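Data block for start-v6.cif (mmCIF, C-alpha atoms):
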```cif
data_run
#
loop_
_atom_site.label_atom_id
_atom_site.label_comp_id
_atom_site.auth_asym_id
_atom_site.auth_seq_id
_atom_site.Cartn_x
_atom_site.Cartn_y
_atom_site.Cartn_z
CA MET I 1 118.47 131.76 158.94
CA ALA I 2 115.33 133.90 159.08
CA GLY I 3 113.21 132.94 162.05
CA ARG I 4 116.00 131.40 164.05
CA PHE I 5 115.92 132.59 167.69
CA ALA I 6 112.65 134.39 166.85
CA ALA I 7 109.82 132.35 165.38
CA PHE I 8 109.47 129.92 168.28
CA SER I 9 111.58 131.35 171.11
CA PHE I 10 109.72 132.20 174.31
CA VAL I 11 112.39 133.53 176.65
CA ASP I 12 113.27 137.20 176.17
CA ARG I 13 115.65 137.58 179.07
CA ILE I 14 117.22 135.37 181.72
CA THR I 15 117.50 137.34 184.94
CA SER I 16 119.05 134.65 187.11
CA LEU I 17 120.92 131.54 186.02
CA ALA I 18 122.60 128.77 187.99
CA PRO I 19 123.47 126.31 185.20
CA GLY I 20 121.98 122.90 185.83
CA VAL I 21 120.30 124.10 189.03
CA ARG I 22 117.73 126.88 188.49
CA ALA I 23 116.87 129.84 186.33
CA GLU I 24 114.47 132.75 186.17
CA GLY I 25 113.50 134.95 183.27
CA PHE I 26 110.58 136.48 181.44
CA TYR I 27 108.83 136.68 178.13
CA LEU I 28 106.75 139.54 176.82
CA VAL I 29 103.86 138.16 174.78
CA PRO I 30 103.77 140.34 171.66
CA ALA I 31 100.79 142.71 171.69
CA GLY I 32 100.02 142.25 168.03
CA ILE I 33 99.42 138.51 167.87
CA ALA I 34 95.93 137.07 167.56
CA ARG I 35 96.37 134.21 170.00
CA PHE I 36 98.94 132.88 172.43
CA ALA I 37 98.07 129.24 172.97
CA PRO I 38 98.05 128.26 176.68
CA SER I 39 100.45 125.41 175.91
CA LEU I 40 103.04 127.99 174.84
CA MET I 41 103.35 128.99 178.51
CA ALA I 42 104.61 125.46 179.11
CA GLU I 43 106.89 125.82 176.08
CA ALA I 44 108.38 128.99 177.61
CA VAL I 45 109.08 127.23 180.91
CA GLY I 46 110.58 124.27 179.06
CA GLN I 47 112.80 126.54 176.99
CA LEU I 48 114.11 128.27 180.12
CA ALA I 49 114.94 124.85 181.59
CA ALA I 50 116.67 123.91 178.32
CA TRP I 51 118.88 127.02 178.49
CA ALA I 52 119.88 126.16 182.06
CA ALA I 53 120.69 122.58 181.00
CA MET I 54 122.60 123.52 177.87
CA ALA I 55 124.65 126.04 179.83
CA ARG I 56 125.53 123.28 182.28
CA LEU I 57 126.60 120.90 179.49
CA ASP I 58 128.48 123.56 177.53
CA PHE I 59 126.13 123.18 174.57
CA ARG I 60 127.37 119.66 173.74
CA LEU I 61 123.85 118.36 174.21
CA ARG I 62 120.35 119.76 174.31
CA PRO I 63 117.20 118.43 175.90
CA VAL I 64 114.13 117.70 173.81
CA ALA I 65 110.55 117.15 174.89
CA GLY I 66 110.05 113.81 176.60
CA LEU I 67 107.86 113.49 179.67
CA ALA I 68 105.69 115.90 181.61
CA ALA I 69 103.92 114.22 184.50
CA GLU I 70 101.70 117.18 185.29
CA THR I 71 100.92 120.60 183.84
CA LEU I 72 98.36 122.66 185.74
CA TYR I 73 96.73 125.55 183.95
CA ARG I 74 95.61 128.13 186.49
CA GLY I 75 95.09 131.12 184.22
CA ARG I 76 95.73 132.56 180.80
CA ILE I 77 98.16 135.17 179.51
CA ALA I 78 97.05 137.75 176.97
CA PRO I 79 98.98 139.44 174.16
CA GLY I 80 100.89 142.42 175.53
CA GLU I 81 101.36 140.89 178.98
CA ARG I 82 104.62 139.79 180.60
CA LEU I 83 105.08 136.16 181.54
CA ASP I 84 107.53 135.54 184.38
CA LEU I 85 109.29 132.21 184.25
CA ALA I 86 111.09 130.09 186.84
CA VAL I 87 112.55 126.59 186.78
CA GLU I 88 114.17 124.30 189.32
CA ILE I 89 116.29 121.52 187.91
CA ASP I 90 116.26 118.30 189.88
CA ALA I 91 118.80 116.43 187.74
CA CYS I 92 120.86 117.25 184.69
CA ASP I 93 123.36 114.92 183.07
CA ASP I 94 124.31 113.58 179.66
CA GLU I 95 121.20 111.41 179.56
CA ALA I 96 118.39 113.72 180.61
CA ILE I 97 117.17 116.78 182.46
CA ALA I 98 114.50 116.51 185.15
CA TYR I 99 112.86 119.76 186.13
CA ARG I 100 109.79 121.61 187.37
CA GLY I 101 108.77 125.16 186.82
CA ALA I 102 106.10 127.82 186.73
CA ALA I 103 104.88 130.73 184.68
CA SER I 104 103.23 133.69 186.36
CA ARG I 105 101.90 137.17 185.71
CA GLY I 106 102.38 139.87 188.33
CA GLY I 107 102.97 137.24 191.00
CA ALA I 108 99.88 135.20 190.10
CA CYS I 109 100.71 131.66 189.03
CA LEU I 110 99.25 130.85 185.61
CA LEU I 111 100.89 127.50 184.98
CA GLU I 112 102.78 124.87 186.93
CA LEU I 113 104.91 122.17 185.37
CA ASP I 114 105.95 119.23 187.52
CA GLN I 115 108.13 116.17 187.02
CA CYS I 116 109.29 116.93 183.50
CA VAL I 117 112.03 114.94 181.83
CA GLY I 118 113.80 115.81 178.61
CA PRO I 119 116.20 113.32 177.00
CA MET I 120 119.51 114.81 175.88
CA LEU I 121 120.57 114.63 172.26
CA PRO I 122 123.68 116.00 170.50
CA MET I 123 123.27 119.75 170.10
CA ALA I 124 124.94 119.83 166.71
CA GLU I 125 122.06 117.78 165.24
CA PHE I 126 119.69 120.64 166.01
CA ASP I 127 121.54 123.94 165.90
CA SER I 128 124.97 125.51 165.93
CA PRO I 129 126.43 125.20 169.44
CA GLU I 130 128.33 128.44 168.89
CA ALA I 131 125.19 130.32 167.85
CA MET I 132 123.33 128.93 170.88
CA ARG I 133 126.13 130.03 173.17
CA GLU I 134 125.87 133.56 171.74
CA ASP I 135 122.09 133.51 172.13
CA LEU I 136 122.43 132.60 175.80
CA ALA I 137 124.86 135.52 176.27
CA THR I 138 122.23 137.79 174.71
CA LEU I 139 119.48 136.44 176.98
CA CYS I 140 121.63 136.83 180.08
CA GLY I 141 122.73 140.31 179.03
CA ALA I 142 120.50 142.95 177.54
CA GLY I 143 117.97 140.32 176.49
CA ALA I 144 116.56 139.50 173.09
CA PRO I 145 114.30 142.08 171.48
CA SER I 146 110.68 141.37 172.32
CA GLY I 147 108.01 141.06 169.67
CA ARG I 148 109.98 138.51 167.63
CA PHE I 149 107.15 135.98 167.69
CA THR I 150 104.41 136.62 165.17
CA GLY I 151 102.16 133.68 165.97
CA VAL I 152 101.81 130.16 164.62
CA PRO I 153 99.46 128.98 161.90
CA GLU I 154 96.45 127.05 163.20
CA LEU I 155 97.00 123.32 162.85
CA ALA I 156 93.80 122.17 161.25
CA CYS I 157 92.50 118.74 162.21
CA ARG I 158 90.00 116.82 160.13
CA ILE I 159 87.73 114.54 162.13
CA VAL I 160 87.38 111.21 160.33
CA GLU I 161 85.54 109.14 162.96
CA HIS I 162 83.29 110.42 165.67
CA ALA I 163 81.18 108.81 168.39
CA ARG I 164 79.57 111.85 170.01
CA GLY I 165 80.70 112.39 173.58
CA GLU I 166 82.70 109.17 173.58
CA ALA I 167 85.63 109.17 171.16
CA LEU I 168 86.94 110.67 167.96
CA ARG I 169 89.71 110.11 165.48
CA ALA I 170 91.19 113.00 163.55
CA GLU I 171 93.93 113.56 161.02
CA LEU I 172 96.42 116.35 161.33
CA GLU I 173 98.50 117.21 158.31
CA VAL I 174 101.59 118.86 159.69
CA PRO I 175 102.49 121.80 157.43
CA ALA I 176 105.38 121.12 155.11
CA ALA I 177 106.66 124.63 155.79
CA ALA I 178 106.06 127.05 158.66
CA ALA I 179 108.09 129.83 160.23
CA PHE I 180 108.40 127.96 163.54
CA PHE I 181 110.37 125.17 161.89
CA ALA I 182 113.24 127.64 161.33
CA ASP I 183 113.53 127.92 165.09
CA HIS I 184 112.48 124.45 166.16
CA PHE I 185 115.04 123.46 165.10
CA PRO I 186 117.30 125.15 162.53
CA ARG I 187 119.14 121.96 161.55
CA ARG I 188 116.30 119.53 162.21
CA PRO I 189 112.79 120.92 161.90
CA VAL I 190 110.26 119.08 164.05
CA LEU I 191 106.74 119.89 165.20
CA PRO I 192 106.91 121.33 168.74
CA GLY I 193 105.20 118.97 171.18
CA THR I 194 103.39 121.91 172.78
CA LEU I 195 101.65 122.69 169.47
CA LEU I 196 100.54 119.08 169.25
CA VAL I 197 99.20 119.29 172.80
CA ASP I 198 97.33 122.49 171.92
CA CYS I 199 95.72 120.75 168.97
CA GLN I 200 94.80 117.72 171.09
CA ALA I 201 93.38 119.97 173.82
CA THR I 202 91.09 121.66 171.30
CA LEU I 203 89.79 118.25 170.19
CA ALA I 204 89.42 117.14 173.81
CA GLN I 205 87.31 120.19 174.64
CA ARG I 206 85.11 119.55 171.63
CA LEU I 207 84.50 115.93 172.62
CA ALA I 208 83.96 116.76 176.31
CA ARG I 209 81.36 119.34 175.39
CA GLU I 210 79.27 116.60 173.81
CA ALA I 211 79.14 114.64 177.07
CA ALA I 212 75.77 115.01 178.75
CA PRO I 213 77.00 116.60 182.03
CA LEU I 214 78.82 119.36 180.14
CA GLN I 215 76.43 120.11 177.30
CA ASP I 216 75.13 123.26 178.99
CA ALA I 217 78.53 124.60 180.08
CA PRO I 218 79.14 128.08 178.65
CA GLY I 219 82.62 127.06 177.56
CA LEU I 220 85.39 124.63 178.43
CA GLU I 221 89.08 125.16 179.03
CA THR I 222 92.03 122.90 179.69
CA THR I 223 92.89 122.74 183.37
CA ARG I 224 95.39 119.89 183.58
CA VAL I 225 97.51 117.88 181.19
CA CYS I 226 99.24 114.86 182.66
CA ASP I 227 101.38 111.90 181.73
CA VAL I 228 102.58 113.52 178.53
CA LYS I 229 105.01 111.24 176.75
CA MET I 230 106.62 112.24 173.46
CA ARG I 231 107.91 109.09 171.78
CA SER I 232 109.26 110.37 168.50
CA PHE I 233 109.79 113.48 166.42
CA VAL I 234 107.16 114.69 163.97
CA SER I 235 108.57 116.04 160.72
CA PRO I 236 107.17 118.73 158.42
CA GLY I 237 104.53 117.33 156.08
CA GLN I 238 103.89 114.20 158.17
CA LEU I 239 100.32 112.97 158.59
CA LEU I 240 99.30 112.35 162.19
CA GLU I 241 96.36 110.31 163.41
CA ILE I 242 94.98 111.70 166.66
CA ARG I 243 92.64 109.73 168.88
CA VAL I 244 90.71 111.26 171.75
CA ALA I 245 88.57 109.24 174.16
CA LEU I 246 86.44 110.38 177.05
CA ILE I 247 87.36 108.68 180.33
CA GLU I 248 84.75 110.33 182.53
CA ALA I 249 82.65 113.48 182.65
CA THR I 250 80.77 115.25 185.41
CA ALA I 251 79.33 118.76 185.65
CA ALA I 252 82.67 119.82 187.14
CA GLY I 253 84.71 118.70 184.17
CA ALA I 254 85.98 115.81 182.10
CA ARG I 255 89.05 113.60 181.76
CA LEU I 256 90.14 112.38 178.36
CA SER I 257 92.97 110.33 176.91
CA VAL I 258 94.74 111.50 173.78
CA ALA I 259 97.19 109.72 171.52
CA ALA I 260 98.93 110.57 168.29
CA ARG I 261 100.35 108.09 165.79
CA ALA I 262 102.29 108.46 162.56
CA ASP I 263 103.03 105.70 160.09
CA GLY I 264 101.50 103.18 162.49
CA LYS I 265 103.86 104.16 165.30
CA GLY I 266 102.98 105.91 168.55
CA VAL I 267 104.17 109.52 168.64
CA ALA I 268 102.67 110.96 171.79
CA THR I 269 100.22 110.14 174.58
CA ALA I 270 98.69 112.21 177.36
CA ARG I 271 95.64 112.72 179.51
CA ILE I 272 93.79 116.00 179.41
CA GLU I 273 91.33 117.45 181.91
CA VAL I 274 88.92 120.19 180.99
CA ALA I 275 86.47 122.20 183.08
CA PRO I 276 83.80 124.83 182.50
CA THR I 277 85.44 128.19 181.85
CA GLY I 278 86.20 130.08 185.05
CA GLY I 279 85.04 127.11 187.10
CA GLY I 280 86.06 128.39 190.49
CA ARG I 281 89.81 128.35 189.92
CA MET Z 1 131.90 95.34 194.61
CA GLN Z 2 130.23 92.19 195.88
CA GLN Z 3 126.58 92.79 196.71
CA GLN Z 4 124.33 90.67 198.85
CA ALA Z 5 122.22 88.45 196.61
CA ILE Z 6 118.61 89.48 196.05
CA THR Z 7 116.15 86.83 197.13
CA ASN Z 8 113.05 85.68 195.33
CA GLU Z 9 111.00 86.80 198.33
CA GLU Z 10 112.35 90.33 198.01
CA ILE Z 11 111.44 90.37 194.32
CA GLU Z 12 107.97 88.98 194.97
CA ALA Z 13 107.40 91.68 197.58
CA VAL Z 14 107.94 94.57 195.16
CA PHE Z 15 106.77 92.95 191.91
CA PRO Z 16 103.03 93.81 192.07
CA LYS Z 17 103.77 97.51 192.50
CA VAL Z 18 106.53 97.48 189.88
CA ALA Z 19 104.26 95.64 187.45
CA GLN Z 20 101.50 98.22 187.89
CA ILE Z 21 103.98 101.04 187.33
CA ILE Z 22 105.27 99.36 184.17
CA ALA Z 23 101.69 98.86 182.94
CA ASP Z 24 100.91 102.53 183.59
CA ALA Z 25 104.09 103.71 181.85
CA LEU Z 26 103.62 101.52 178.79
CA GLY Z 27 99.85 101.81 178.59
CA CYS Z 28 99.37 98.06 178.68
CA ASP Z 29 97.36 95.69 180.84
CA VAL Z 30 99.07 94.70 184.08
CA ASP Z 31 98.38 91.05 183.24
CA GLN Z 32 100.80 91.37 180.33
CA VAL Z 33 103.60 92.35 182.68
CA LYS Z 34 105.16 89.02 183.54
CA ARG Z 35 108.35 88.92 185.55
CA ASP Z 36 110.42 87.66 182.64
CA VAL Z 37 108.96 89.44 179.61
CA PRO Z 38 111.59 91.52 177.74
CA LEU Z 39 110.25 95.06 177.93
CA ILE Z 40 111.43 96.15 174.48
CA GLU Z 41 110.61 93.07 172.45
CA GLY Z 42 107.67 91.88 174.52
CA LEU Z 43 105.92 95.10 175.49
CA ASP Z 44 107.19 97.55 172.83
CA ALA Z 45 109.02 99.73 175.35
CA GLU Z 46 111.30 102.45 173.97
CA SER Z 47 114.14 104.41 175.51
CA ILE Z 48 111.78 107.18 176.66
CA ASP Z 49 109.80 104.51 178.54
CA PHE Z 50 112.88 103.53 180.54
CA LEU Z 51 113.37 107.17 181.57
CA ASP Z 52 109.69 107.32 182.49
CA LEU Z 53 109.90 104.06 184.44
CA VAL Z 54 112.88 105.16 186.46
CA PHE Z 55 111.16 108.39 187.49
CA ARG Z 56 107.91 106.61 188.33
CA LEU Z 57 109.76 104.02 190.43
CA GLU Z 58 111.64 106.77 192.26
CA ARG Z 59 108.37 108.49 193.15
CA ALA Z 60 106.50 105.32 194.06
CA PHE Z 61 109.21 103.79 196.24
CA GLY Z 62 110.76 107.00 197.55
CA VAL Z 63 114.24 106.05 196.35
CA LYS Z 64 116.87 107.63 194.09
CA ILE Z 65 117.88 105.75 190.96
CA PRO Z 66 120.66 107.64 189.23
CA ARG Z 67 120.49 107.75 185.44
CA GLY Z 68 122.58 104.99 183.87
CA LYS Z 69 122.59 103.14 187.18
CA ILE Z 70 121.59 99.76 185.77
CA VAL Z 71 124.48 99.54 183.34
CA GLU Z 72 126.87 101.00 185.91
CA ASP Z 73 125.79 98.37 188.44
CA ALA Z 74 126.04 95.67 185.80
CA ARG Z 75 129.67 96.64 185.20
CA GLY Z 76 130.31 96.33 188.94
CA ASP Z 77 134.00 96.34 189.79
CA LEU Z 78 135.13 95.90 186.18
CA SER Z 79 136.70 98.95 184.58
CA GLU Z 80 135.01 100.32 181.48
CA ALA Z 81 137.80 98.86 179.32
CA GLU Z 82 137.40 95.45 180.98
CA PHE Z 83 133.64 95.56 180.45
CA GLU Z 84 133.53 96.76 176.85
CA GLN Z 85 135.82 97.51 173.94
CA LYS Z 86 134.64 100.01 171.33
CA GLY Z 87 131.06 99.55 172.44
CA VAL Z 88 131.14 95.73 172.31
CA LEU Z 89 131.09 93.68 175.52
CA THR Z 90 134.21 91.70 176.33
CA GLU Z 91 134.08 88.07 177.51
CA ALA Z 92 134.51 89.35 181.05
CA GLY Z 93 131.74 91.86 180.44
CA LEU Z 94 129.40 89.16 179.13
CA ALA Z 95 130.13 86.94 182.12
CA ARG Z 96 129.51 89.83 184.49
CA LEU Z 97 126.25 90.68 182.74
CA ARG Z 98 125.00 87.05 182.90
CA GLU Z 99 125.63 87.13 186.62
CA PHE Z 100 124.02 90.54 187.09
CA LEU Z 101 120.98 89.87 184.90
CA SER Z 102 120.47 86.37 186.27
CA GLU Z 103 116.78 86.61 185.39
CA VAL Z 104 117.66 86.71 181.67
CA PRO Z 105 118.31 83.37 179.93
CA ALA Z 106 122.09 83.08 179.59
CA ASP Z 107 121.90 82.32 175.87
CA ARG Z 108 120.50 85.81 175.28
CA ILE Z 109 123.74 87.27 176.57
CA ALA Z 110 126.14 86.09 173.89
CA ALA Z 111 128.93 87.56 171.80
CA PRO Z 112 128.93 89.76 169.87
CA MET Z 113 126.84 92.06 172.03
CA LYS Z 114 126.87 95.84 171.98
CA ALA Z 115 126.74 97.71 175.27
CA ALA Z 116 124.01 99.86 173.74
CA ASP Z 117 121.84 96.73 173.40
CA ILE Z 118 121.90 95.90 177.12
CA PRO Z 119 118.49 97.55 177.68
CA ARG Z 120 116.99 95.03 175.23
CA LEU Z 121 117.52 92.43 177.95
CA PHE Z 122 115.65 94.30 180.67
CA THR Z 123 112.56 92.65 182.14
CA PRO Z 124 110.21 93.69 184.95
CA GLU Z 125 112.38 91.61 187.28
CA THR Z 126 115.37 93.76 186.30
CA PHE Z 127 113.51 96.79 187.58
CA CYS Z 128 112.41 94.97 190.74
CA LYS Z 129 116.10 94.40 191.47
CA VAL Z 130 116.89 98.04 190.71
CA VAL Z 131 114.31 99.09 193.29
CA ILE Z 132 115.57 96.61 195.89
CA ARG Z 133 119.17 97.79 195.48
CA ALA Z 134 118.05 101.43 195.75
CA GLN Z 135 116.10 100.58 198.91
CA ARG Z 136 119.19 98.92 200.39
CA VAL Z 137 121.28 102.01 199.60
CA ALA Z 138 118.65 104.22 201.23
CA GLN Z 139 118.49 101.98 204.30
CA ALA Z 140 122.29 101.94 204.59
CA ALA Z 141 122.39 105.72 204.37
CA ALA Z 142 119.75 106.02 207.06
#
```
Take the structure I supplied and represent it as structure tokens, if you would.
Amino acid sequence: MAGRFAAFSFVDRITSLAPGVRAEGFYLVPAGIARFAPSLMAEAVGQLAAWAAMARLDFRLRPVAGLAAETLYRGRIAPGERLDLAVEIDACDDEAIAYRGAASRGGACLLELDQCVGPMLPMAEFDSPEAMREDLATLCGAGAPSGRFTGVPELACRIVEHARGEALRAELEVPAAAAFFADHFPRRPVLPGTLLVDCQATLAQRLAREAAPLQDAPGLETTRVCDVKMRSFVSPGQLLEIRVALIEATAAGARLSVAARADGKGVATARIEVAPTGGGR
Amino acid sequence: MQQQAITNEEIEAVFPKVAQIIADALGCDVDQVKRDVPLIEGLDAESIDFLDLVFRLERAFGVKIPRGKIVEDARGDLSEAEFEQKGVLTEAGLARLREFLSEVPADRIAAPMKAADIPRLFTPETFCKVVIRAQRVAQAAA
């Protein structure tokens, strides 16, 4: 399948692997892409953890996005740069993986993930276990060719209700077709949770910028995402309702709650913190 | 394995903290978290919430709660075959579960009952007892 192991795969090589315990690897952000969303650093760390878990469970099961208690954004990675990845797995069994990890560039930490939990589901529902086993051999050997990722289409949100600086409600029409669905996942395409978080973070920054203490900030960026909980899968073509509400704002930054619903059912919740760009971190 | 009974005082001691953790995990008001409310039917909890709850309780109380521990403890000294047959609880399994989940009205634990539906019975008190058992294990190990 075109796009499989390419369109949404963010580990190029695994340099150290203790299945179910820890792993290290790297990803070279393709030089030619227009944007590498910060949340994709978290995706890369999560994918490395997934490889370590799947190797432990002999590809019977795979983890999917579930909980992420805390993601700290300490810097950004640019196209053409190498992202070093490391994960420590605290627990891995047939029910779930619990892990933490980090992404760094040249020894400087760019992102920290803590207290993440991914429920396990049958691998065969998502991809061919045999193909995944071969892919892991590639990653642990010579590595996958870099430059496979060509970017993701921008997920456009339409704001339908808006109380300036307080709350907003937006609609996100998930594309019915996109290259990343071929990789996430080949047998069951679902919207990656990290792309949803990126979309929510953009809305959160927009709302925070309207709050009086931050109106003069030159720019805002996401610094922390916490209590992420993914409740259900989002399918291609599904319409999502996203709500963002300001919790508090000061000149140093803002905290916001975000939630996504589909067909009247909760899909995902999180809290997002933003701060003026380059704000002393 | 016969375990020392958990007292009401022990449950009352941990309940406020457990209730707050449940409210945080489910995004509801702590006043809605009564000791006997079924978490799935009463507070719309889903399986991901139980995973979340277990991890939050571990962090808050400094204990380890192995995955699947509640059902494993419920089974007690019964073998898997004595507890369930093809995913459906046996009479012995039902009796054991009524004893283990004493906070749940006995008529809610009736045949036919699938093992996979056991979490539907869980209440905040169930999780208080999970914490107390984990604390006892930690104290015994120390």
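For the atom pair formed by CA of Arg120 in chain Z and CA of Asp107 in chain Z, the distance is 13.6 Å, given to one decimal.
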Hey, which of I:Leu110, I:Ser39, I:Asp227, I:Ser128 ends up closest to Gln200 in chain I? Count all atoms listed in the file.
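Of the candidates, the smallest distance to Gln200 in chain I is held by I:Ser39.
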Report as a list in words all protein, DNA and RNA residues lying within 12 Å of Pro16 in chain Z, evaluated on only C-alpha atoms, omitting residues in the same chain fewer than 2 positions from it.
Glu10, Ile11, Glu12, Ala13, Val14, Val18, Ala19, Gln20, Ile21, Ile22, Ala23, Val30, Asp31, Val33, Lys34, Arg35, Pro124, Glu125, Phe127 and Cys128 of chain Z
Find the distance between CA of Glu70 in chain I and CA of Arg224 in chain I and write it in Å to one decimal.
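CA of Arg224 in chain I lies at a distance of 7.1 Å from CA of Glu70 in chain I.
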Which residues fall under the PyMOL selection byres ((chain I) within 9 of (chain Z)) in this file, as a list in words?
Gly66, Leu67, Asp93, Glu95, Ala96, Gln115, Val117, Pro119, Asp227, Lys229, Met230 and Arg231 of chain I
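Of note, CA of Ala7 in chain I and CA of Ala50 in chain I are spaced 16.9 Å apart.
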For the structure shown, which residues end up in the PyMOL selection byres ((chain Z and resi 126) around 9)? Put them as a ChimeraX atom specification, please?
/Z:35-36,70,101-104,121-125,127-131
Which residues come within 12 Å of Tyr27 in chain I, counting all atoms listed in the file, excluding same-chain residues fewer than 5 positions away, as number ranges by chain?
I: 8-15, 40-41, 43-45, 47-48, 77-86, 103-105, 139, 143-149
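The neighbours of Glu173 in chain I here are the residues that come within 10 Å of it, using only C-alpha atoms and leaving out any residue fewer than 4 positions away in the same chain; they are Leu155, Ala156, Cys157, Arg158, Pro236, Gly237, Gln238, Leu239, Leu240 and Glu241 of chain I.
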Keeping C-alpha atoms for every residue in the selection just given, could you write it to a file as a PDB file, keeping the file's coordinate frame?
```
ATOM      1  CA  LEU I 155      97.000 123.320 162.850  1.00  0.00           C
ATOM      2  CA  ALA I 156      93.800 122.170 161.250  1.00  0.00           C
ATOM      3  CA  CYS I 157      92.500 118.740 162.210  1.00  0.00           C
ATOM      4  CA  ARG I 158      90.000 116.820 160.130  1.00  0.00           C
ATOM      5  CA  PRO I 236     107.170 118.730 158.420  1.00  0.00           C
ATOM      6  CA  GLY I 237     104.530 117.330 156.080  1.00  0.00           C
ATOM      7  CA  GLN I 238     103.890 114.200 158.170  1.00  0.00           C
ATOM      8  CA  LEU I 239     100.320 112.970 158.590  1.00  0.00           C
ATOM      9  CA  LEU I 240      99.300 112.350 162.190  1.00  0.00           C
ATOM     10  CA  GLU I 241      96.360 110.310 163.410  1.00  0.00           C
TER      11      GLU I 241
END
```
What are the centre and the three edge lengths of an axis-aligned box that wraps all atoms of range 220-237 of chain I in the file, given that 3 Å is added to every side, written as lines of an AutoDock Vina configuration file and rounded to one decimal in Å?
```
center_x = 97.6
center_y = 117.1
center_z = 169.8
size_x = 30.4
size_y = 22.1
size_z = 33.5
```
Residues selected by the PyMOL selection byres ((chain I and resi 254) around 12), written as a PyMOL selection string:
chain I and resi 165-166+201+204-215+217+220-225+245-253+255-257+271-276
Pro189 in chain I environment, 10 Å, all atoms listed in the file, sequence neighbours closer than 3 positions dropped, as a PyMOL selection string
chain I and resi 126+177-178+180-186+192+233-236
Could you save those same residues with C-alpha atoms as a short mmCIF file (atom, residue, chain, number, x, y, z; two decimals), keeping the file's coordinate frame?
```cif
data_model
loop_
_atom_site.label_atom_id
_atom_site.label_comp_id
_atom_site.auth_asym_id
_atom_site.auth_seq_id
_atom_site.Cartn_x
_atom_site.Cartn_y
_atom_site.Cartn_z
CA PHE I 126 119.69 120.64 166.01
CA ALA I 177 106.66 124.63 155.79
CA ALA I 178 106.06 127.05 158.66
CA PHE I 180 108.40 127.96 163.54
CA PHE I 181 110.37 125.17 161.89
CA ALA I 182 113.24 127.64 161.33
CA ASP I 183 113.53 127.92 165.09
CA HIS I 184 112.48 124.45 166.16
CA PHE I 185 115.04 123.46 165.10
CA PRO I 186 117.30 125.15 162.53
CA PRO I 192 106.91 121.33 168.74
CA PHE I 233 109.79 113.48 166.42
CA VAL I 234 107.16 114.69 163.97
CA SER I 235 108.57 116.04 160.72
CA PRO I 236 107.17 118.73 158.42
#
```
